[in-house]
file my_file26.tsv (TSV, C-alpha atoms)
chain	number	residue	atom	x	y	z
A	1	MET	CA	-6.74	4.58	-16.62
A	2	ALA	CA	-5.88	5.09	-12.97
A	3	LEU	CA	-3.94	2.29	-11.40
A	4	PRO	CA	-5.09	0.91	-8.09
A	5	HIS	CA	-3.52	2.22	-4.92
A	6	ASP	CA	-3.73	-0.83	-2.73
A	7	TYR	CA	-1.12	0.16	-0.22
A	8	ALA	CA	-2.30	3.49	1.12
A	9	GLY	CA	0.49	5.50	2.68
A	10	GLN	CA	3.23	3.36	1.18
A	11	VAL	CA	5.02	5.53	-1.33
A	12	CYS	CA	7.90	3.16	-1.98
A	13	SER	CA	8.68	1.58	-5.32
A	14	LEU	CA	8.01	-1.92	-4.06
A	15	ALA	CA	4.45	-0.96	-3.12
A	16	ARG	CA	3.94	0.54	-6.60
A	17	ALA	CA	5.33	-2.62	-8.21
A	18	LEU	CA	3.04	-4.80	-6.12
A	19	GLU	CA	0.01	-2.75	-7.14
A	20	ILE	CA	0.69	-3.93	-10.69
A	21	VAL	CA	2.05	-7.45	-10.24
A	22	GLY	CA	1.07	-8.36	-6.67
A	23	GLU	CA	-2.46	-9.57	-7.36
A	24	ARG	CA	-3.18	-13.28	-7.20
A	25	TRP	CA	-2.16	-15.11	-10.40
A	26	THR	CA	-0.49	-12.10	-12.01
A	27	LEU	CA	3.10	-13.31	-11.72
A	28	LEU	CA	2.07	-16.76	-13.01
A	29	ILE	CA	0.45	-15.10	-16.03
A	30	LEU	CA	3.63	-13.13	-16.64
A	31	ARG	CA	5.80	-16.24	-16.29
A	32	ASP	CA	3.65	-17.87	-18.99
A	33	ALA	CA	4.10	-14.78	-21.16
A	34	PHE	CA	7.88	-15.19	-20.82
A	35	TYR	CA	7.43	-18.83	-21.88
A	36	GLY	CA	5.80	-17.59	-25.08
A	37	VAL	CA	2.10	-17.92	-24.23
A	38	ARG	CA	0.14	-15.20	-26.03
A	39	ARG	CA	-3.47	-16.32	-26.34
A	40	PHE	CA	-6.23	-15.98	-23.76
A	41	GLY	CA	-7.22	-19.63	-24.15
A	42	ASP	CA	-3.68	-20.87	-23.65
A	43	PHE	CA	-3.21	-18.86	-20.45
A	44	ALA	CA	-6.57	-20.16	-19.20
A	45	ALA	CA	-5.86	-23.81	-20.01
A	46	HIS	CA	-2.33	-23.83	-18.64
A	47	LEU	CA	-3.08	-21.96	-15.41
A	48	GLY	CA	-6.51	-23.39	-14.68
A	49	ILE	CA	-7.53	-19.86	-13.75
A	50	PRO	CA	-11.15	-18.64	-13.85
A	51	ARG	CA	-11.69	-16.76	-17.11
A	52	ALA	CA	-13.10	-13.67	-15.37
A	53	VAL	CA	-9.98	-13.42	-13.19
A	54	LEU	CA	-7.70	-13.90	-16.19
A	55	SER	CA	-9.59	-11.25	-18.12
A	56	ASP	CA	-9.27	-8.82	-15.21
A	57	ARG	CA	-5.54	-9.44	-14.80
A	58	LEU	CA	-4.83	-9.05	-18.52
A	59	LYS	CA	-6.71	-5.75	-18.49
A	60	THR	CA	-4.68	-4.46	-15.53
A	61	LEU	CA	-1.41	-5.54	-17.13
A	62	THR	CA	-2.35	-3.98	-20.47
A	63	ALA	CA	-3.43	-0.72	-18.81
A	64	ALA	CA	-0.12	-0.63	-16.92
A	65	GLY	CA	1.85	-1.07	-20.13
A	66	VAL	CA	3.28	-4.43	-19.07
A	67	LEU	CA	1.45	-6.34	-21.82
A	68	GLU	CA	0.35	-5.13	-25.23
A	69	ARG	CA	-2.79	-6.51	-26.85
A	70	THR	CA	-2.56	-6.94	-30.60
A	71	PRO	CA	-5.13	-8.43	-32.99
A	72	THR	CA	-3.89	-11.23	-35.23
A	73	ALA	CA	-4.81	-11.96	-38.85
A	74	GLN	CA	-7.01	-14.78	-37.53
A	75	GLY	CA	-9.12	-12.25	-35.63
A	76	ARG	CA	-7.82	-13.35	-32.25
A	77	ASP	CA	-6.07	-11.10	-29.76
A	78	GLU	CA	-2.56	-11.80	-28.61
A	79	TYR	CA	-0.90	-10.49	-25.46
A	80	ARG	CA	2.80	-9.78	-25.62
A	81	LEU	CA	5.22	-8.42	-23.06
A	82	THR	CA	6.30	-4.84	-23.68
A	83	THR	CA	9.83	-3.68	-22.91
A	84	LYS	CA	8.53	-2.62	-19.50
A	85	GLY	CA	7.06	-6.09	-19.04
A	86	GLU	CA	10.27	-7.81	-20.09
A	87	SER	CA	12.11	-5.86	-17.41
A	88	LEU	CA	10.16	-7.91	-14.84
A	89	TRP	CA	12.17	-10.99	-15.79
A	90	PRO	CA	14.73	-10.70	-12.95
A	91	ALA	CA	11.89	-10.62	-10.42
A	92	VAL	CA	10.09	-13.63	-11.96
A	93	ARG	CA	13.38	-15.51	-12.19
A	94	ALA	CA	14.37	-14.70	-8.59
A	95	LEU	CA	11.04	-15.80	-7.09
A	96	THR	CA	11.07	-18.99	-9.16
A	97	ALA	CA	14.65	-19.72	-8.07
A	98	TRP	CA	13.62	-19.31	-4.44
A	99	GLY	CA	10.75	-21.77	-4.94
A	100	ASP	CA	13.11	-24.19	-6.69
A	101	GLU	CA	15.54	-23.98	-3.81
A	102	HIS	CA	12.98	-24.66	-1.09
A	103	TYR	CA	10.00	-26.43	-2.63
A	104	ALA	CA	11.33	-28.72	-5.35
A	105	PRO	CA	12.55	-31.88	-3.59
A	106	ASP	CA	13.12	-33.67	-6.93
A	107	GLY	CA	14.95	-30.67	-8.35
A	108	PRO	CA	13.53	-27.88	-10.51
A	109	ARG	CA	10.81	-28.76	-13.01
A	110	ARG	CA	12.31	-26.37	-15.50
A	111	VAL	CA	15.86	-25.12	-15.86
A	112	LEU	CA	17.19	-22.06	-17.67
A	113	ARG	CA	20.03	-22.32	-20.18
A	114	HIS	CA	22.07	-19.92	-22.27
A	115	ALA	CA	20.91	-20.42	-25.88
A	116	ALA	CA	24.38	-19.82	-27.35
A	117	ASP	CA	26.28	-22.50	-25.41
A	118	ASP	CA	23.49	-24.55	-23.77
A	119	ALA	CA	25.05	-24.12	-20.30
A	120	PRO	CA	22.74	-23.67	-17.31
A	121	LEU	CA	22.27	-20.22	-15.77
A	122	ASP	CA	23.02	-19.57	-12.12
A	123	THR	CA	20.38	-18.12	-9.83
A	124	ASP	CA	21.44	-14.59	-10.85
A	125	GLY	CA	20.83	-15.28	-14.51
A	126	HIS	CA	24.51	-15.47	-15.43
A	127	CYS	CA	25.74	-18.29	-17.67
A	128	THR	CA	27.73	-20.88	-15.71
A	129	ALA	CA	29.96	-21.50	-18.76
A	130	CYS	CA	30.72	-18.10	-20.28
A	131	GLY	CA	29.89	-15.97	-17.21
A	132	ALA	CA	27.86	-13.42	-19.18
A	133	LYS	CA	24.62	-11.96	-17.88
A	134	ILE	CA	22.05	-13.53	-20.20
A	135	PRO	CA	19.19	-11.39	-21.54
A	136	VAL	CA	15.74	-12.95	-21.49
A	137	ARG	CA	15.76	-13.35	-25.30
A	138	ASP	CA	18.90	-15.49	-25.16
A	139	THR	CA	17.50	-17.77	-22.46
A	140	VAL	CA	16.06	-21.24	-23.07
A	141	VAL	CA	13.64	-22.94	-20.67
A	142	ALA	CA	14.16	-26.71	-20.66
A	143	PRO	CA	12.76	-29.66	-18.71
A	144	GLY	CA	14.51	-30.19	-15.37
A	145	PRO	CA	14.88	-33.21	-13.09
A	146	GLY	CA	11.62	-32.46	-11.25
A	147	LEU	CA	9.43	-32.46	-14.37
A	148	HIS	CA	7.08	-35.37	-14.97
A	149	PRO	CA	6.15	-34.87	-18.64
A	150	ALA	CA	3.16	-37.20	-18.44
A	151	THR	CA	1.41	-34.73	-16.13
A	152	ALA	CA	1.07	-32.08	-18.83
A	153	THR	CA	-2.57	-32.22	-19.87
A	154	ASP	CA	-2.77	-28.95	-21.76
A	155	PRO	CA	-1.10	-27.70	-24.96
A	156	VAL	CA	1.20	-25.24	-23.18
A	157	GLY	CA	2.43	-27.85	-20.71
A	158	ALA	CA	2.96	-30.30	-23.57
A	159	ALA	CA	4.91	-27.75	-25.62
A	160	LEU	CA	7.11	-27.03	-22.59
A	161	ASN	CA	8.16	-30.69	-22.43
A	162	HIS	CA	10.73	-29.56	-24.98
A	163	ALA	CA	13.40	-26.88	-24.69
A	164	HIS	CA	12.01	-23.54	-25.76
A	165	ARG	CA	13.51	-20.07	-26.15
A	166	LEU	CA	11.86	-17.47	-23.92
A	167	LEU	CA	9.49	-14.97	-25.57
A	168	LYS	CA	9.30	-17.04	-28.78
A	169	PRO	CA	5.64	-17.92	-29.38
A	170	LEU	CA	4.75	-21.44	-28.21
A	171	HIS	CA	3.14	-23.65	-30.81
A	172	THR	CA	0.01	-24.94	-29.15
A	173	GLY	CA	-1.96	-25.95	-32.21
B	1	MET	CA	1.37	-26.66	9.81
B	2	ALA	CA	0.08	-27.16	6.31
B	3	LEU	CA	0.82	-24.32	3.95
B	4	PRO	CA	-1.96	-22.99	1.79
B	5	HIS	CA	-2.33	-24.30	-1.72
B	6	ASP	CA	-3.75	-21.28	-3.41
B	7	TYR	CA	-2.90	-22.22	-6.94
B	8	ALA	CA	-4.58	-25.56	-7.44
B	9	GLY	CA	-3.04	-27.53	-10.27
B	10	GLN	CA	0.03	-25.36	-10.48
B	11	VAL	CA	2.95	-27.48	-9.34
B	12	CYS	CA	5.68	-25.08	-10.35
B	13	SER	CA	8.12	-23.47	-7.96
B	14	LEU	CA	6.81	-20.00	-8.65
B	15	ALA	CA	3.32	-21.03	-7.49
B	16	ARG	CA	4.82	-22.52	-4.32
B	17	ALA	CA	6.82	-19.34	-3.71
B	18	LEU	CA	3.71	-17.19	-4.20
B	19	GLU	CA	1.77	-19.28	-1.71
B	20	ILE	CA	4.26	-18.06	0.90
B	21	VAL	CA	5.10	-14.54	-0.20
B	22	GLY	CA	2.32	-13.66	-2.66
B	23	GLU	CA	-0.29	-12.51	-0.15
B	24	ARG	CA	-1.03	-8.83	0.12
B	25	TRP	CA	1.51	-6.95	2.28
B	26	THR	CA	3.85	-9.92	2.70
B	27	LEU	CA	6.70	-8.65	0.50
B	28	LEU	CA	6.47	-5.22	2.14
B	29	ILE	CA	6.78	-6.88	5.57
B	30	LEU	CA	9.82	-8.81	4.34
B	31	ARG	CA	11.39	-5.66	2.90
B	32	ASP	CA	11.04	-4.04	6.33
B	33	ALA	CA	12.64	-7.13	7.90
B	34	PHE	CA	15.62	-6.65	5.53
B	35	TYR	CA	15.77	-3.01	6.68
B	36	GLY	CA	16.14	-4.27	10.24
B	37	VAL	CA	12.59	-4.01	11.55
B	38	ARG	CA	11.96	-6.75	14.13
B	39	ARG	CA	9.08	-5.68	16.35
B	40	PHE	CA	5.36	-6.07	15.68
B	41	GLY	CA	4.68	-2.45	16.59
B	42	ASP	CA	7.37	-1.15	14.24
B	43	PHE	CA	6.06	-3.17	11.29
B	44	ALA	CA	2.54	-1.95	12.08
B	45	ALA	CA	3.52	1.72	12.39
B	46	HIS	CA	5.74	1.79	9.31
B	47	LEU	CA	3.38	-0.09	7.01
B	48	GLY	CA	0.07	1.27	8.27
B	49	ILE	CA	-1.23	-2.28	8.00
B	50	PRO	CA	-4.19	-3.55	10.07
B	51	ARG	CA	-2.83	-5.42	13.08
B	52	ALA	CA	-4.91	-8.53	12.39
B	53	VAL	CA	-3.48	-8.75	8.86
B	54	LEU	CA	0.06	-8.22	10.12
B	55	SER	CA	-0.43	-10.90	12.76
B	56	ASP	CA	-1.71	-13.35	10.14
B	57	ARG	CA	1.20	-12.65	7.76
B	58	LEU	CA	3.81	-13.01	10.50
B	59	LYS	CA	2.27	-16.36	11.48
B	60	THR	CA	2.39	-17.62	7.90
B	61	LEU	CA	5.99	-16.49	7.45
B	62	THR	CA	7.05	-18.03	10.76
B	63	ALA	CA	5.29	-21.32	9.94
B	64	ALA	CA	7.04	-21.37	6.55
B	65	GLY	CA	10.44	-20.88	8.18
B	66	VAL	CA	10.99	-17.50	6.52
B	67	LEU	CA	10.92	-15.61	9.82
B	68	GLU	CA	11.87	-16.81	13.28
B	69	ARG	CA	10.10	-15.48	16.36
B	70	THR	CA	12.30	-15.03	19.39
B	71	PRO	CA	11.42	-13.58	22.80
B	72	THR	CA	13.63	-10.74	24.02
B	73	ALA	CA	14.79	-10.00	27.57
B	74	GLN	CA	12.19	-7.23	27.66
B	75	GLY	CA	9.42	-9.79	27.19
B	76	ARG	CA	8.66	-8.70	23.64
B	77	ASP	CA	8.84	-10.94	20.61
B	78	GLU	CA	11.14	-10.19	17.73
B	79	TYR	CA	10.84	-11.47	14.18
B	80	ARG	CA	14.06	-12.12	12.30
B	81	LEU	CA	14.72	-13.44	8.83
B	82	THR	CA	16.03	-17.00	8.74
B	83	THR	CA	18.60	-18.12	6.17
B	84	LYS	CA	15.66	-19.22	4.02
B	85	GLY	CA	14.12	-15.78	4.45
B	86	GLU	CA	17.37	-14.01	3.59
B	87	SER	CA	17.47	-15.91	0.32
B	88	LEU	CA	14.40	-13.92	-0.75
B	89	TRP	CA	16.55	-10.79	-1.03
B	90	PRO	CA	17.15	-11.05	-4.82
B	91	ALA	CA	13.37	-11.20	-5.39
B	92	VAL	CA	12.65	-8.23	-3.10
B	93	ARG	CA	15.51	-6.27	-4.69
B	94	ALA	CA	14.39	-7.09	-8.26
B	95	LEU	CA	10.78	-6.05	-7.70
B	96	THR	CA	11.86	-2.85	-5.96
B	97	ALA	CA	14.26	-2.07	-8.81
B	98	TRP	CA	11.41	-2.51	-11.29
B	99	GLY	CA	9.26	-0.10	-9.29
B	100	ASP	CA	12.15	2.37	-9.11
B	101	GLU	CA	12.62	2.19	-12.86
B	102	HIS	CA	8.99	2.81	-13.73
B	103	TYR	CA	7.29	4.54	-10.80
B	104	ALA	CA	9.84	6.87	-9.25
B	105	PRO	CA	9.87	10.05	-11.38
B	106	ASP	CA	12.13	11.87	-8.87
B	107	GLY	CA	14.50	8.89	-8.66
B	108	PRO	CA	14.52	6.07	-6.09
B	109	ARG	CA	13.59	6.94	-2.52
B	110	ARG	CA	16.25	4.57	-1.27
B	111	VAL	CA	19.43	3.39	-2.90
B	112	LEU	CA	21.59	0.37	-2.11
B	113	ARG	CA	25.34	0.68	-1.56
B	114	HIS	CA	28.23	-1.66	-0.92
B	115	ALA	CA	29.21	-1.19	2.74
B	116	ALA	CA	32.93	-1.73	2.06
B	117	ASP	CA	33.42	0.98	-0.58
B	118	ASP	CA	30.16	2.98	-0.42
B	119	ALA	CA	29.58	2.56	-4.18
B	120	PRO	CA	26.02	2.07	-5.45
B	121	LEU	CA	24.84	-1.40	-6.48
B	122	ASP	CA	23.51	-2.04	-9.97
B	123	THR	CA	20.06	-3.56	-10.45
B	124	ASP	CA	21.58	-7.05	-10.21
B	125	GLY	CA	23.03	-6.36	-6.78
B	126	HIS	CA	26.62	-6.11	-8.03
B	127	CYS	CA	28.83	-3.26	-6.80
B	128	THR	CA	29.39	-0.64	-9.51
B	129	ALA	CA	32.91	0.03	-8.18
B	130	CYS	CA	34.44	-3.35	-7.33
B	131	GLY	CA	32.09	-5.51	-9.45
B	132	ALA	CA	31.50	-8.09	-6.72
B	133	LYS	CA	28.10	-9.60	-6.05
B	134	ILE	CA	27.19	-8.08	-2.70
B	135	PRO	CA	25.56	-10.26	-0.04
B	136	VAL	CA	22.62	-8.77	1.81
B	137	ARG	CA	24.70	-8.33	5.01
B	138	ASP	CA	27.23	-6.14	3.18
B	139	THR	CA	24.54	-3.91	1.70
B	140	VAL	CA	23.60	-0.46	3.01
B	141	VAL	CA	20.25	1.19	2.31
B	142	ALA	CA	20.61	4.97	2.06
B	143	PRO	CA	18.32	7.89	1.21
B	144	GLY	CA	17.96	8.41	-2.54
B	145	PRO	CA	16.99	11.45	-4.64
B	146	GLY	CA	13.26	10.62	-4.41
B	147	LEU	CA	13.11	10.59	-0.61
B	148	HIS	CA	11.43	13.48	1.18
B	149	PRO	CA	12.65	12.98	4.76
B	150	ALA	CA	9.99	15.25	6.22
B	151	THR	CA	7.30	12.74	5.23
B	152	ALA	CA	8.53	10.10	7.68
B	153	THR	CA	6.02	10.17	10.53
B	154	ASP	CA	6.97	6.90	12.21
B	155	PRO	CA	10.14	5.73	13.98
B	156	VAL	CA	11.13	3.28	11.21
B	157	GLY	CA	10.79	5.91	8.49
B	158	ALA	CA	12.73	8.38	10.62
B	159	ALA	CA	15.53	5.87	11.27
B	160	LEU	CA	15.74	5.18	7.52
B	161	ASN	CA	16.46	8.86	6.85
B	162	HIS	CA	20.04	7.79	7.56
B	163	ALA	CA	22.16	5.15	5.85
B	164	HIS	CA	21.63	1.78	7.49
B	165	ARG	CA	23.17	-1.64	6.98
B	166	LEU	CA	20.60	-4.29	5.98
B	167	LEU	CA	19.56	-6.83	8.63
B	168	LYS	CA	21.10	-4.74	11.44
B	169	PRO	CA	18.35	-3.91	13.96
B	170	LEU	CA	16.91	-0.44	13.47
B	171	HIS	CA	16.94	1.79	16.55
B	172	THR	CA	13.39	3.00	16.85
B	173	GLY	CA	13.41	4.02	20.53
call {"tool": "encode", "arguments": {"input": "my_file26.tsv", "output": "structure tokens"}}
result
Amino acid sequence: MALPHDYAGQVCSLARALEIVGERWTLLILRDAFYGVRRFGDFAAHLGIPRAVLSDRLKTLTAAGVLERTPTAQGRDEYRLTTKGESLWPAVRALTAWGDEHYAPDGPRRVLRHAADDAPLDTDGHCTACGAKIPVRDTVVAPGPGLHPATATDPVGAALNHAHRLLKPLHTG
Amino acid sequence: MALPHDYAGQVCSLARALEIVGERWTLLILRDAFYGVRRFGDFAAHLGIPRAVLSDRLKTLTAAGVLERTPTAQGRDEYRLTTKGESLWPAVRALTAWGDEHYAPDGPRRVLRHAADDAPLDTDGHCTACGAKIPVRDTVVAPGPGLHPATATDPVGAALNHAHRLLKPLHTG
């Protein structure tokens, strides 16, 4: 399938990247995928996104090889990040860190920790205790000072009221 | 000025960040600002973006405190990244690196180097020679293996056929 060429004349890598991930909602969908969301209904409930838009974005991401769609034994499809998709983590983390820095007056809603020693990561994704660069699979997302747990009205939000290792499937019932 | 709330119900920092930088073209405009582009006409010529869209994006970025508009002695306005804007560099760099990894079969068109020792940066923005994390002001953008200099048909593209320190104004005549 041909990918869209939204930025005519722009041959740079950033323009190519934005053709895949620059559409409205796409980076939020990918963030949820890093949190362990895999099912269409969970993405829809957590993001409050119109189902037609979600369906379109998942198709684009699957066609681009960022997500992989796999049927489950229960007859439902699951969407999982591919290796190519996982390599978007530094971009998702950097944009989220920028939002945390400038638009989270009560502090971040969610913080990232190194699973092995539970120390927080710095904005570059390095562990503040051991100094190592932490791969996405060894990263835990945990409630931060800006989170108000009572506001979670969907299963994904409720599951994320507890520390959770990135990419591990979220149990949403 | 009120900022748009495009992602109703999403209170996370990533949604807030995307309300500022997630519109079409915005990250490409910011990348050019990191390259040293400051004038409306230079952004327009390099990006091939409709002037009305460019004008709208520059207004949003100025209102959000990402860019600052300053009049020059020649009576033209210039747009410069603020400190808040400069802190978007890790996000711009990470998305560009992802595009380079997956959509640049001839290699990156532009590479980043540490000004002090001319060594390339790794995808995290650390110098591959001295290991230091390199601030945006100490970073040089230089032609990479995927660049075809003859394709530059605008003054910004032509100026970027030579190594150039980020944030330093580009001489475009």
call {"tool": "atom_distance", "arguments": {"input": "my_file26.tsv", "atom1": "CA of Thr128 (chain A)", "atom2": "CA of Val111 (chain A)"}}
result
12.6 Å
call {"tool": "interface_residues", "arguments": {"input": "my_file26.tsv", "of": "chain A", "to": "chain B", "cutoff": "10 Å", "atoms": "only C-alpha atoms", "output": "ChimeraX atom specification"}}
result
/A:6-28,31,46-49,84-85,87-104,107-110,123-125,133,146-147
call {"tool": "residues_around", "arguments": {"input": "my_file26.tsv", "residues": "region 135-139 of chain A", "least_positions_apart": "3", "cutoff": "9 Å", "atoms": "only C-alpha atoms", "output": "NGL selection string"}}
result
:A and (34 or 86-87 or 89-90 or 112-116 or 121 or 125 or 164-168)
call {"tool": "atom_distance", "arguments": {"input": "my_file26.tsv", "atom1": "CA of Pro155 (chain A)", "atom2": "CA of Arg39 (chain A)"}}
result
11.7 Å
call {"tool": "atom_distance", "arguments": {"input": "my_file26.tsv", "atom1": "CA of Thr83 (chain B)", "atom2": "CA of His171 (chain B)"}}
result
22.5 Å
call {"tool": "closest_residue", "arguments": {"input": "my_file26.tsv", "among": "A:Arg38, A:Ala152, A:Arg57, A:Ile29", "to": "Pro169 (chain A)", "atoms": "all atoms listed in the file"}}
result
A:Arg38
